[in-house]
Amino acid sequence: MLTAGPVPPAAPTEPSVRDIHGVSTPDPYAWMRNRKDPRLISYLREERAYYEEATARLEPLRATLRSELERRHPDQEDSIPWRRGPHSYFWRTPAGTEHAVLCCRGDAGPDEVVLDTGALAGSSTYFRYGVCEPSPDGRLVAYSVDLAGDEVYELRFRDPASGSDLEERIPHTSYGCGWSSDSTTFFYVVADAAYRPWRVLRHEIGTEPGRDVVVYSEADERFHVCVGATRSGCWIVVSSGSRDTNEQWLIPAGDPTSPAGCVEGRRRGVEYFLEHLVPPEPDGKEAFVILTNDGAPEYRVVAAPVDRPASELWRTVVPGSDDTRLHALDTFAGHLVLHCRRDGAEFLTVVRPDRSSYEVHPDTPGGTIEFECGSGRAVVATESLVSPRRWSSLDLPSGERKLLREQAVPGHRPGDYTVERLRARAPDGTLVPVTIAYRAGLPADGTSPCLLHGYGAYETCAARGFSLALPSLLDRGFVYAVAHVRGGGECGRRWWLDGRLAAKHHTFTDFVAARDLLVAERRVAGDKFVCRGLSAGGLLTGAAYTFWPDRWAGVIAEAPAVDVLNQMLDPAVPLTVNEYDEWGDPADPVQFAWMQAYTPYENVTAAPRPPLLVTGILSDPRVMVYVPARWVAALRAADVHGNKILFRAELGAGAHYGPSGRRSSLAYEAELCAWVVDVAYRPSLTFRDVGTL
């Protein structure tokens with residue numbers, strides 16, 4: 001028979017980072033902040049063993065789900081090719097493999113493997129690449145690898161002709177890169193000790209990395225940097241930005257040693273993002289086009305001369321609109337392509353050279369849409385919760401679309417399922433979009449179980465794309481719902497602003513409003529409702545578990561940011577200072593108070609609560625493993641009701657977003673889905689007798 005779970009040592013005399021504003025409550029688990037402390041490792045091992053024992057009886061269901069997910073995965077899967085210089089490239093996942101291979105497709109001859117990521121992974125249980133960029137002349141491929149999951153990458157250069165790497169390797173790199181026009185120089189990013197990308201360096205191929213030149217360095221810890229090339233390949237763009245402010249610097253790709261020039265100095269609250277428009281505008285001059293919120297809260301597009309792109313010369317090309325967020329800008333064949341969000345839906349706007357325009361919407365209800373550049377042609381990709389990805393060519397002048405390919409999902413029939421968009425009314429009257437999916441013909445009789453997903457931070461939209469796991473839940477009678485809560489970006493910049501800082505509570509009340517709508521409309525059963533969220537979404541479900549425990553049959557909090565207050569109080573914690581604009585700076589007593597009011601770790605109480613499944617990864621640099629570990633320990637210590645609390649601690653290689661590799665990812669998803677099915681279909685179980693699990 002199982003006990004109530006592992007109990008780590010408590011040391012209330014150890015220092016807490018919360019000694020501020022007269023608040024000095026001892027934190028008995030402050031010692032866990034040292035990830036190398038043997039006590040922490042021992043505790044995590046105990047928690048994982050307890051989790052495995054507690055869920056062992058679910059293995060038959062897990063195996064069934066794993067088999068279903070594997071059957072939906074095609075034997076071989078290729079991406080849409082894209083063009084770089086003389087070649088086209090695409091990713092292929094061969095049958096029976098964990099990782100994809102990068103292939104090169106020339107104008108004639110068979111496809112050639114450029115990078116075999118499975119071979120690069122070797123014996124490591126984890127692999128992810130950070131950058132992968134062929135040179136303009138096609139003679140090299142720059143790529144970076146992470147074998148631990150801590151998002152610290154080693155940069156390498158592969159010679160496809162020989163199949164081997166060059167001698168130079170550059171450690172501790174981050175995301176973002178760009179090649180010079182002549183393929184001799186490569187720009188890349190490095191991170192500081194707090195995992196903040198802060199420098200852009202220039203590397204000359206064939207030289208010692210120790211001689212690399214610092215192109216840009218960002219001293220302000222609220223800002224992080226990135227580097228990339230314009231779509232034309234003519235310019236290298238260095239970007240430095242905080243949550244709501246940025247500036248960009250330009251280097252001609254044809255003259256990579258020239259100093260970077262600032263486009264427009266940073267102004268608090270102003271963002272701009274530059275692209276290079278070619279071929280020329282109607283007046284015969286090439287131009288930069290810039291997406292900016294300067295003078296337009298939901299952003300506008302301006303044009304600027306290449307020789308002097310400062311703001312006093314900006315002229316409006318696409319004006320801003322209060323009801324449509326212009327989220328991203330691309331250029332292709334003289335056209336502008338804008339990714340837009342309106343009233344919870346997303347679409348593209350294509351602007352022709354004569355400035356006429358048209359909209360391109362997803363071809364499935366509640367779907368997503370992206371713009372890609374295939375081998376010399378414009379491509380749009382759409383999908384939904386129940387419809388796998390579809391790629392279509394887009395004739396930019398006319399707007400005509402032709403289907404190129406559909407993601408193969410053996411045995412799946414999208415027509416067997418339905419997607420709807422609903423609106424839930426939040427306590428302050430705001431209407432919150434909710435996307436739901438279910439098997440066609442499912443009765444709305446108040447008996448169906450439900451899994452509700454949410455995120456709600458950084459102006460990032462909650463995922464509503466296709467998942468190989470979702471049909472397994474829908475076929476078992478589930479309704480799957482996505483709550484597009486404030487703090488995300490589904491309804492524009494205002495949606496984010498009304499769900500961050502002092503308004504963060506809206507994220508949580510929106511989520512509960514979505515749940516209550518589905519119950520009130522008898523779409524689902526109130527006692528079969530499970531919620532799930534990752535990272536900031538884990539904070540969301542952690543708050544739901546803390547403040548509305550009676551609403552749920554079960555809660556999943558994956559790598560949950562449930563200790564935001566203490567993290568923001570400790571600048572030494574990775575990725576903290578540049579988060580102040582999202583969560584607040586608790587050095588300010590007012591901001592301290594609002595953060596303390598909602599942070600789950602600050603609000604642990606002894607109350608009956610639903611089953612809880614928490615995950616954490618030892619190597620995670622975004623939500624350090626001690627964050628969920630301390631929360632779980634505090635919940636166990638406070639519990640007098642026999643609440644069922646499980647902590648799936650990952651001590652091996654793994655990343656913030658979960659395992660890498662096809663089989664590992666599918667197995668993890670099957671594992672969590674089995675838990676969801678179990679708790680949803682056993683709502684009468686109180687878990688006071690923990691041995692019954």
# chains A, B, ... in the order shown; residues from 1 in each chain; ligands from 1

call {"tool": "residues_around", "arguments": {"residues": "A:Val131", "least_positions_apart": "2", "cutoff": "6 Å", "atoms": "only C-alpha atoms", "output": "PyMOL selection string"}}
result
chain A and resi 129+143-144

call {"tool": "write_last_selection", "arguments": {"atoms": "N, CA and C atoms", "output": "PDB file, in the first residue's frame"}}
result
ATOM      1  N   TYR A 129      18.152  20.602 -31.965  1.00  0.00           N
ATOM      2  CA  TYR A 129      19.043  21.568 -32.592  1.00  0.00           C
ATOM      3  C   TYR A 129      18.513  22.976 -32.351  1.00  0.00           C
ATOM      4  N   TYR A 143      24.978  24.514 -37.830  1.00  0.00           N
ATOM      5  CA  TYR A 143      23.953  23.928 -36.978  1.00  0.00           C
ATOM      6  C   TYR A 143      24.469  23.888 -35.547  1.00  0.00           C
ATOM      7  N   SER A 144      23.538  23.832 -34.581  1.00  0.00           N
ATOM      8  CA  SER A 144      23.934  23.759 -33.178  1.00  0.00           C
ATOM      9  C   SER A 144      23.122  22.679 -32.486  1.00  0.00           C
TER      10      SER A 144
END

call {"tool": "residues_around", "arguments": {"residues": "A:Ala543", "least_positions_apart": "6", "cutoff": "7 Å", "atoms": "only C-alpha atoms", "output": "PyMOL selection string"}}
result
chain A and resi 508+598+600

call {"tool": "write_last_selection", "arguments": {"atoms": "N, CA and C atoms", "output": "mmCIF file, in the first residue's frame"}}
result
data_model
loop_
_atom_site.group_PDB
_atom_site.id
_atom_site.type_symbol
_atom_site.label_atom_id
_atom_site.label_comp_id
_atom_site.auth_asym_id
_atom_site.auth_seq_id
_atom_site.Cartn_x
_atom_site.Cartn_y
_atom_site.Cartn_z
ATOM 1 N N PHE A 508 -6.606 33.979 -14.788
ATOM 2 C CA PHE A 508 -7.166 32.878 -14.010
ATOM 3 C C PHE A 508 -8.690 32.884 -14.035
ATOM 4 N N TYR A 598 -1.466 35.851 -5.920
ATOM 5 C CA TYR A 598 -1.862 34.775 -6.826
ATOM 6 C C TYR A 598 -0.843 33.648 -6.957
ATOM 7 N N PRO A 600 0.862 30.383 -6.482
ATOM 8 C CA PRO A 600 0.422 29.181 -5.769
ATOM 9 C C PRO A 600 1.315 28.799 -4.590
#

call {"tool": "residues_around", "arguments": {"residues": "A:Tyr626", "least_positions_apart": "6", "cutoff": "12 Å", "atoms": "only C-alpha atoms", "output": "ChimeraX atom specification"}}
result
/A:8,29-37,39-41,43-44,559-563,566-567,573,601,615-620,632-634,647,649-651

call {"tool": "write_last_selection", "arguments": {"atoms": "N, CA and C atoms", "output": "compact mmCIF listing (two decimals), in the first residue's frame"}}
result
# COMPACT_ATOMS: atom_id res chain seq x y z
N PRO A 8 10.36 15.50 1.88
CA PRO A 8 11.75 15.96 1.91
C PRO A 8 12.08 16.61 3.24
N TYR A 29 11.82 25.03 2.46
CA TYR A 29 12.36 24.34 1.30
C TYR A 29 13.25 25.25 0.45
N ALA A 30 13.71 26.34 1.05
CA ALA A 30 14.60 27.24 0.33
C ALA A 30 15.89 26.54 -0.11
N TRP A 31 16.31 25.52 0.65
CA TRP A 31 17.55 24.81 0.31
C TRP A 31 17.48 24.13 -1.06
N MET A 32 16.28 23.90 -1.57
CA MET A 32 16.15 23.23 -2.87
C MET A 32 16.64 24.08 -4.03
N ARG A 33 16.86 25.37 -3.78
CA ARG A 33 17.32 26.23 -4.88
C ARG A 33 18.71 25.83 -5.36
N ASN A 34 19.42 25.07 -4.58
CA ASN A 34 20.72 24.54 -5.00
C ASN A 34 20.49 23.21 -5.71
N ARG A 35 20.52 23.22 -7.04
CA ARG A 35 20.21 22.01 -7.80
C ARG A 35 21.23 20.91 -7.60
N LYS A 36 22.40 21.25 -7.05
CA LYS A 36 23.44 20.25 -6.82
C LYS A 36 23.38 19.65 -5.42
N ASP A 37 22.46 20.12 -4.59
CA ASP A 37 22.33 19.61 -3.24
C ASP A 37 21.93 18.14 -3.29
N ARG A 39 20.51 16.36 -1.22
CA ARG A 39 19.17 16.16 -0.68
C ARG A 39 18.10 16.33 -1.75
N LEU A 40 18.31 17.29 -2.67
CA LEU A 40 17.35 17.53 -3.74
C LEU A 40 17.31 16.34 -4.69
N ILE A 41 18.48 15.89 -5.11
CA ILE A 41 18.53 14.76 -6.03
C ILE A 41 17.87 13.53 -5.41
N TYR A 43 15.56 13.50 -3.10
CA TYR A 43 14.13 13.73 -3.03
C TYR A 43 13.47 13.53 -4.40
N LEU A 44 14.09 14.04 -5.46
CA LEU A 44 13.52 13.88 -6.79
C LEU A 44 13.44 12.41 -7.19
N ALA A 559 5.93 21.48 -15.67
CA ALA A 559 7.00 22.46 -15.43
C ALA A 559 6.38 23.80 -15.04
N PRO A 560 5.58 23.82 -13.98
CA PRO A 560 4.76 25.00 -13.70
C PRO A 560 5.53 26.13 -13.01
N ALA A 561 5.30 27.34 -13.47
CA ALA A 561 5.95 28.52 -12.89
C ALA A 561 5.14 28.99 -11.69
N VAL A 562 5.05 28.13 -10.67
CA VAL A 562 4.15 28.38 -9.54
C VAL A 562 4.81 29.18 -8.41
N ASP A 563 6.04 29.64 -8.63
CA ASP A 563 6.73 30.41 -7.59
C ASP A 563 7.29 31.70 -8.19
N ASN A 566 9.04 34.46 -5.71
CA ASN A 566 10.41 34.23 -5.26
C ASN A 566 11.41 34.25 -6.41
N GLN A 567 10.99 33.79 -7.59
CA GLN A 567 11.90 33.85 -8.74
C GLN A 567 12.23 35.29 -9.08
N VAL A 573 18.59 33.97 -10.51
CA VAL A 573 17.88 32.88 -11.17
C VAL A 573 17.84 33.17 -12.67
N TYR A 601 2.62 28.95 -4.72
CA TYR A 601 3.51 28.57 -3.63
C TYR A 601 3.29 29.43 -2.39
N THR A 615 4.88 17.98 -13.21
CA THR A 615 6.12 17.52 -13.83
C THR A 615 7.22 18.55 -13.61
N GLY A 616 8.46 18.08 -13.67
CA GLY A 616 9.62 18.96 -13.54
C GLY A 616 10.83 18.27 -14.13
N ILE A 617 11.77 19.05 -14.66
CA ILE A 617 12.94 18.51 -15.33
C ILE A 617 14.19 19.12 -14.71
N LEU A 618 15.13 18.27 -14.31
CA LEU A 618 16.32 18.73 -13.61
C LEU A 618 17.12 19.73 -14.45
N SER A 619 17.19 19.54 -15.76
CA SER A 619 18.01 20.40 -16.61
C SER A 619 17.26 21.61 -17.15
N ASP A 620 16.00 21.79 -16.80
CA ASP A 620 15.17 22.87 -17.33
C ASP A 620 15.73 24.24 -16.91
N VAL A 632 5.29 20.99 -4.51
CA VAL A 632 4.80 19.67 -4.15
C VAL A 632 5.11 19.37 -2.68
N ALA A 633 6.33 19.69 -2.25
CA ALA A 633 6.70 19.44 -0.85
C ALA A 633 5.81 20.23 0.11
N ALA A 634 5.54 21.49 -0.24
CA ALA A 634 4.69 22.31 0.63
C ALA A 634 3.25 21.80 0.65
N PHE A 647 4.32 13.72 -8.48
CA PHE A 647 5.36 14.56 -9.07
C PHE A 647 6.21 13.69 -9.99
N ALA A 649 9.16 13.68 -11.69
CA ALA A 649 10.44 14.37 -11.79
C ALA A 649 11.33 13.67 -12.80
N GLU A 650 11.91 14.45 -13.72
CA GLU A 650 12.80 13.91 -14.74
C GLU A 650 14.23 14.27 -14.38
N LEU A 651 15.04 13.27 -14.04
CA LEU A 651 16.42 13.52 -13.65
C LEU A 651 17.40 13.34 -14.80

call {"tool": "closest_atom_pairs", "arguments": {"of": "stretch 410-441 of chain A", "to": "stretch 52-68 of chain A", "cutoff": "12 Å", "atoms": "only C-alpha atoms", "output": "Markdown table"}}
result
| residue | atom | partner | partner_atom | distance |
| --- | --- | --- | --- | --- |
| A:Pro410 | CA | A:Glu68 | CA | 10.2 |
| A:Gly411 | CA | A:Glu68 | CA | 9.6 |
| A:His412 | CA | A:Glu68 | CA | 10.5 |

call {"tool": "closest_residue", "arguments": {"among": "A:Ile80, A:Val113, A:Ala4, A:Ser232", "to": "A:Ser392", "atoms": "only C-alpha atoms"}}
result
A:Ile80

call {"tool": "atom_distance", "arguments": {"atom1": "atom CA of A:His453", "atom2": "atom CA of A:Arg532"}}
result
5.1 Å

call {"tool": "atom_distance", "arguments": {"atom1": "atom CA of A:Val263", "atom2": "atom CA of A:Val289"}}
result
11.9 Å

call {"tool": "atom_distance", "arguments": {"atom1": "atom CA of A:Tyr175", "atom2": "atom CA of A:Val625"}}
result
22.5 Å

call {"tool": "residues_around", "arguments": {"residues": "A:Arg636", "least_positions_apart": "2", "cutoff": "10 Å", "atoms": "only C-alpha atoms", "output": "list in words"}}
result
Ala4, Gly5, Pro6, Val7, Pro8, Val604, Ala606, Arg630, Trp631, Val632, Ala633, Ala634, Ala638, Asp639, Val640, Gly642, Asn643, Lys644, Ile645 and Leu646 of chain A

call {"tool": "residues_around", "arguments": {"residues": "A:Cys226", "least_positions_apart": "5", "cutoff": "10 Å", "atoms": "only C-alpha atoms", "output": "NGL selection string"}}
result
:A and (174-177 or 187-190 or 197-200 or 216 or 237-241 or 248)

call {"tool": "write_last_selection", "arguments": {"atoms": "C-alpha atoms", "output": "compact mmCIF listing (two decimals), in the first residue's frame"}}
result
# COMPACT_ATOMS: atom_id res chain seq x y z
CA SER A 174 21.83 30.41 -28.26
CA TYR A 175 19.15 30.92 -30.90
CA GLY A 176 19.47 33.11 -34.00
CA CYS A 177 22.02 33.24 -36.82
CA PHE A 187 26.81 35.69 -37.08
CA TYR A 188 25.62 33.97 -33.91
CA VAL A 189 24.39 34.63 -30.34
CA VAL A 190 25.82 33.65 -26.96
CA PRO A 197 21.10 35.86 -24.95
CA TRP A 198 23.21 39.00 -24.69
CA ARG A 199 25.91 39.11 -27.36
CA VAL A 200 26.14 38.75 -31.13
CA TYR A 216 26.77 43.80 -30.34
CA VAL A 237 19.52 42.28 -38.43
CA VAL A 238 20.55 42.40 -34.77
CA SER A 239 17.58 42.77 -32.44
CA SER A 240 17.59 43.70 -28.76
CA GLY A 241 14.27 43.66 -26.95
CA GLN A 248 17.34 46.87 -34.27

call {"tool": "select_by_dssp", "arguments": {"residues": "stretch 55-244 of chain A", "states": "alpha helix (DSSP H)", "output": "MDAnalysis selection string"}}
result
chainID A and resid 55 59:72 117:121

call {"tool": "closest_residue", "arguments": {"among": "A:Arg45, A:Arg139, A:Lys528, A:Arg71", "to": "A:Leu666", "atoms": "only C-alpha atoms"}}
result
A:Arg71

call {"tool": "residues_around", "arguments": {"residues": "A:Leu468", "least_positions_apart": "2", "cutoff": "8 Å", "atoms": "only C-alpha atoms", "output": "mmCIF file with C-alpha atoms, in the first residue's frame"}}
result
data_model
loop_
_atom_site.group_PDB
_atom_site.id
_atom_site.type_symbol
_atom_site.label_atom_id
_atom_site.label_comp_id
_atom_site.auth_asym_id
_atom_site.auth_seq_id
_atom_site.Cartn_x
_atom_site.Cartn_y
_atom_site.Cartn_z
ATOM 1 C CA LEU A 69 -0.407 7.227 -31.355
ATOM 2 C CA ARG A 72 -1.242 7.492 -36.501
ATOM 3 C CA HIS A 73 2.380 8.380 -37.164
ATOM 4 C CA PHE A 466 -3.397 19.064 -34.524
ATOM 5 C CA LEU A 470 -6.165 14.221 -29.358
ATOM 6 C CA PRO A 471 -8.254 11.717 -31.384
#

call {"tool": "residues_around", "arguments": {"residues": "A:Gly367", "least_positions_apart": "5", "cutoff": "6 Å", "atoms": "only C-alpha atoms", "output": "PyMOL selection string"}}
result
chain A and resi 362+383-384

call {"tool": "write_last_selection", "arguments": {"atoms": "N, CA and C atoms", "output": "short mmCIF file (atom, residue, chain, number, x, y, z; two decimals), in the first residue's frame"}}
result
data_model
loop_
_atom_site.label_atom_id
_atom_site.label_comp_id
_atom_site.auth_asym_id
_atom_site.auth_seq_id
_atom_site.Cartn_x
_atom_site.Cartn_y
_atom_site.Cartn_z
N PRO A 362 -7.83 30.38 -42.59
CA PRO A 362 -7.70 28.92 -42.50
C PRO A 362 -8.85 28.23 -43.21
N GLU A 383 -4.05 24.15 -40.17
CA GLU A 383 -4.43 22.96 -39.42
C GLU A 383 -5.43 23.38 -38.36
N SER A 384 -6.02 22.41 -37.70
CA SER A 384 -6.92 22.69 -36.58
C SER A 384 -6.76 21.58 -35.56
#

call {"tool": "closest_residue", "arguments": {"among": "A:Gly489, A:Gly399, A:Gly138, A:Gly366", "to": "A:Arg352", "atoms": "only C-alpha atoms"}}
result
A:Gly399

call {"tool": "select_by_dssp", "arguments": {"residues": "stretch 235-333 of chain A", "states": "strand (DSSP E)", "output": "count of residues only"}}
result
46

call {"tool": "closest_atom_pairs", "arguments": {"of": "stretch 132-178 of chain A", "to": "stretch 87-110 of chain A", "cutoff": "12 Å", "atoms": "only C-alpha atoms", "output": "CSV"}}
result
residue,atom,partner,partner_atom,distance
A:Cys132,CA,A:Leu102,CA,9.2
A:Glu133,CA,A:Tyr89,CA,10.1
A:Pro134,CA,A:Tyr89,CA,8.8
A:Ser135,CA,A:His87,CA,10.1
A:Pro136,CA,A:His87,CA,9.2
A:Asp137,CA,A:His87,CA,8.7
A:Gly138,CA,A:His87,CA,6.6
A:Arg139,CA,A:His87,CA,10.0
A:Leu140,CA,A:His87,CA,11.6
A:Val141,CA,A:Leu102,CA,10.2
A:Tyr143,CA,A:Leu102,CA,10.9
A:Arg158,CA,A:Leu102,CA,11.7
A:Pro160,CA,A:Cys104,CA,9.0
A:Ala161,CA,A:Cys104,CA,11.1

call {"tool": "write_last_selection", "arguments": {"atoms": "N, CA and C atoms", "output": "PDB file, in the first residue's frame"}}
result
ATOM      1  N   CYS A 132      19.892  25.848 -37.674  1.00  0.00           N
ATOM      2  CA  CYS A 132      20.279  24.988 -38.796  1.00  0.00           C
ATOM      3  C   CYS A 132      20.111  25.822 -40.056  1.00  0.00           C
ATOM      4  N   GLU A 133      21.219  26.312 -40.586  1.00  0.00           N
ATOM      5  CA  GLU A 133      21.143  27.286 -41.672  1.00  0.00           C
ATOM      6  C   GLU A 133      22.206  26.995 -42.734  1.00  0.00           C
ATOM      7  N   PRO A 134      21.777  26.545 -43.928  1.00  0.00           N
ATOM      8  CA  PRO A 134      22.733  26.365 -45.027  1.00  0.00           C
ATOM      9  C   PRO A 134      23.313  27.712 -45.463  1.00  0.00           C
ATOM     10  N   SER A 135      24.555  27.685 -45.919  1.00  0.00           N
ATOM     11  CA  SER A 135      25.182  28.911 -46.414  1.00  0.00           C
ATOM     12  C   SER A 135      24.610  29.276 -47.777  1.00  0.00           C
ATOM     13  N   PRO A 136      24.688  30.540 -48.173  1.00  0.00           N
ATOM     14  CA  PRO A 136      24.133  30.953 -49.468  1.00  0.00           C
ATOM     15  C   PRO A 136      24.702  30.189 -50.653  1.00  0.00           C
ATOM     16  N   ASP A 137      25.986  29.779 -50.574  1.00  0.00           N
ATOM     17  CA  ASP A 137      26.563  29.038 -51.703  1.00  0.00           C
ATOM     18  C   ASP A 137      26.333  27.534 -51.595  1.00  0.00           C
ATOM     19  N   GLY A 138      25.693  27.076 -50.533  1.00  0.00           N
ATOM     20  CA  GLY A 138      25.365  25.673 -50.383  1.00  0.00           C
ATOM     21  C   GLY A 138      26.511  24.774 -49.986  1.00  0.00           C
ATOM     22  N   ARG A 139      27.672  25.346 -49.673  1.00  0.00           N
ATOM     23  CA  ARG A 139      28.847  24.515 -49.384  1.00  0.00           C
ATOM     24  C   ARG A 139      28.969  24.143 -47.905  1.00  0.00           C
ATOM     25  N   LEU A 140      28.237  24.810 -47.036  1.00  0.00           N
ATOM     26  CA  LEU A 140      28.280  24.520 -45.608  1.00  0.00           C
ATOM     27  C   LEU A 140      26.873  24.592 -45.010  1.00  0.00           C
ATOM     28  N   VAL A 141      26.704  23.924 -43.882  1.00  0.00           N
ATOM     29  CA  VAL A 141      25.493  24.074 -43.083  1.00  0.00           C
ATOM     30  C   VAL A 141      25.925  24.358 -41.651  1.00  0.00           C
ATOM     31  N   TYR A 143      24.978  24.514 -37.830  1.00  0.00           N
ATOM     32  CA  TYR A 143      23.953  23.928 -36.978  1.00  0.00           C
ATOM     33  C   TYR A 143      24.469  23.888 -35.547  1.00  0.00           C
ATOM     34  N   ARG A 158      28.985  21.986 -40.932  1.00  0.00           N
ATOM     35  CA  ARG A 158      29.062  20.736 -41.672  1.00  0.00           C
ATOM     36  C   ARG A 158      29.354  21.014 -43.153  1.00  0.00           C
ATOM     37  N   PRO A 160      28.680  19.371 -46.431  1.00  0.00           N
ATOM     38  CA  PRO A 160      27.867  18.278 -46.989  1.00  0.00           C
ATOM     39  C   PRO A 160      28.627  17.419 -47.987  1.00  0.00           C
ATOM     40  N   ALA A 161      29.585  18.003 -48.700  1.00  0.00           N
ATOM     41  CA  ALA A 161      30.318  17.230 -49.714  1.00  0.00           C
ATOM     42  C   ALA A 161      31.105  16.089 -49.078  1.00  0.00           C
TER      43      ALA A 161
END

call {"tool": "closest_residue", "arguments": {"among": "A:Ser467, A:Gln591, A:Asp111, A:Leu540", "to": "A:Arg486", "atoms": "only C-alpha atoms"}}
result
A:Leu540

call {"tool": "closest_residue", "arguments": {"among": "A:Leu672, A:Val23, A:Ala513, A:Ala310", "to": "A:Gly554", "atoms": "only C-alpha atoms"}}
result
A:Leu672
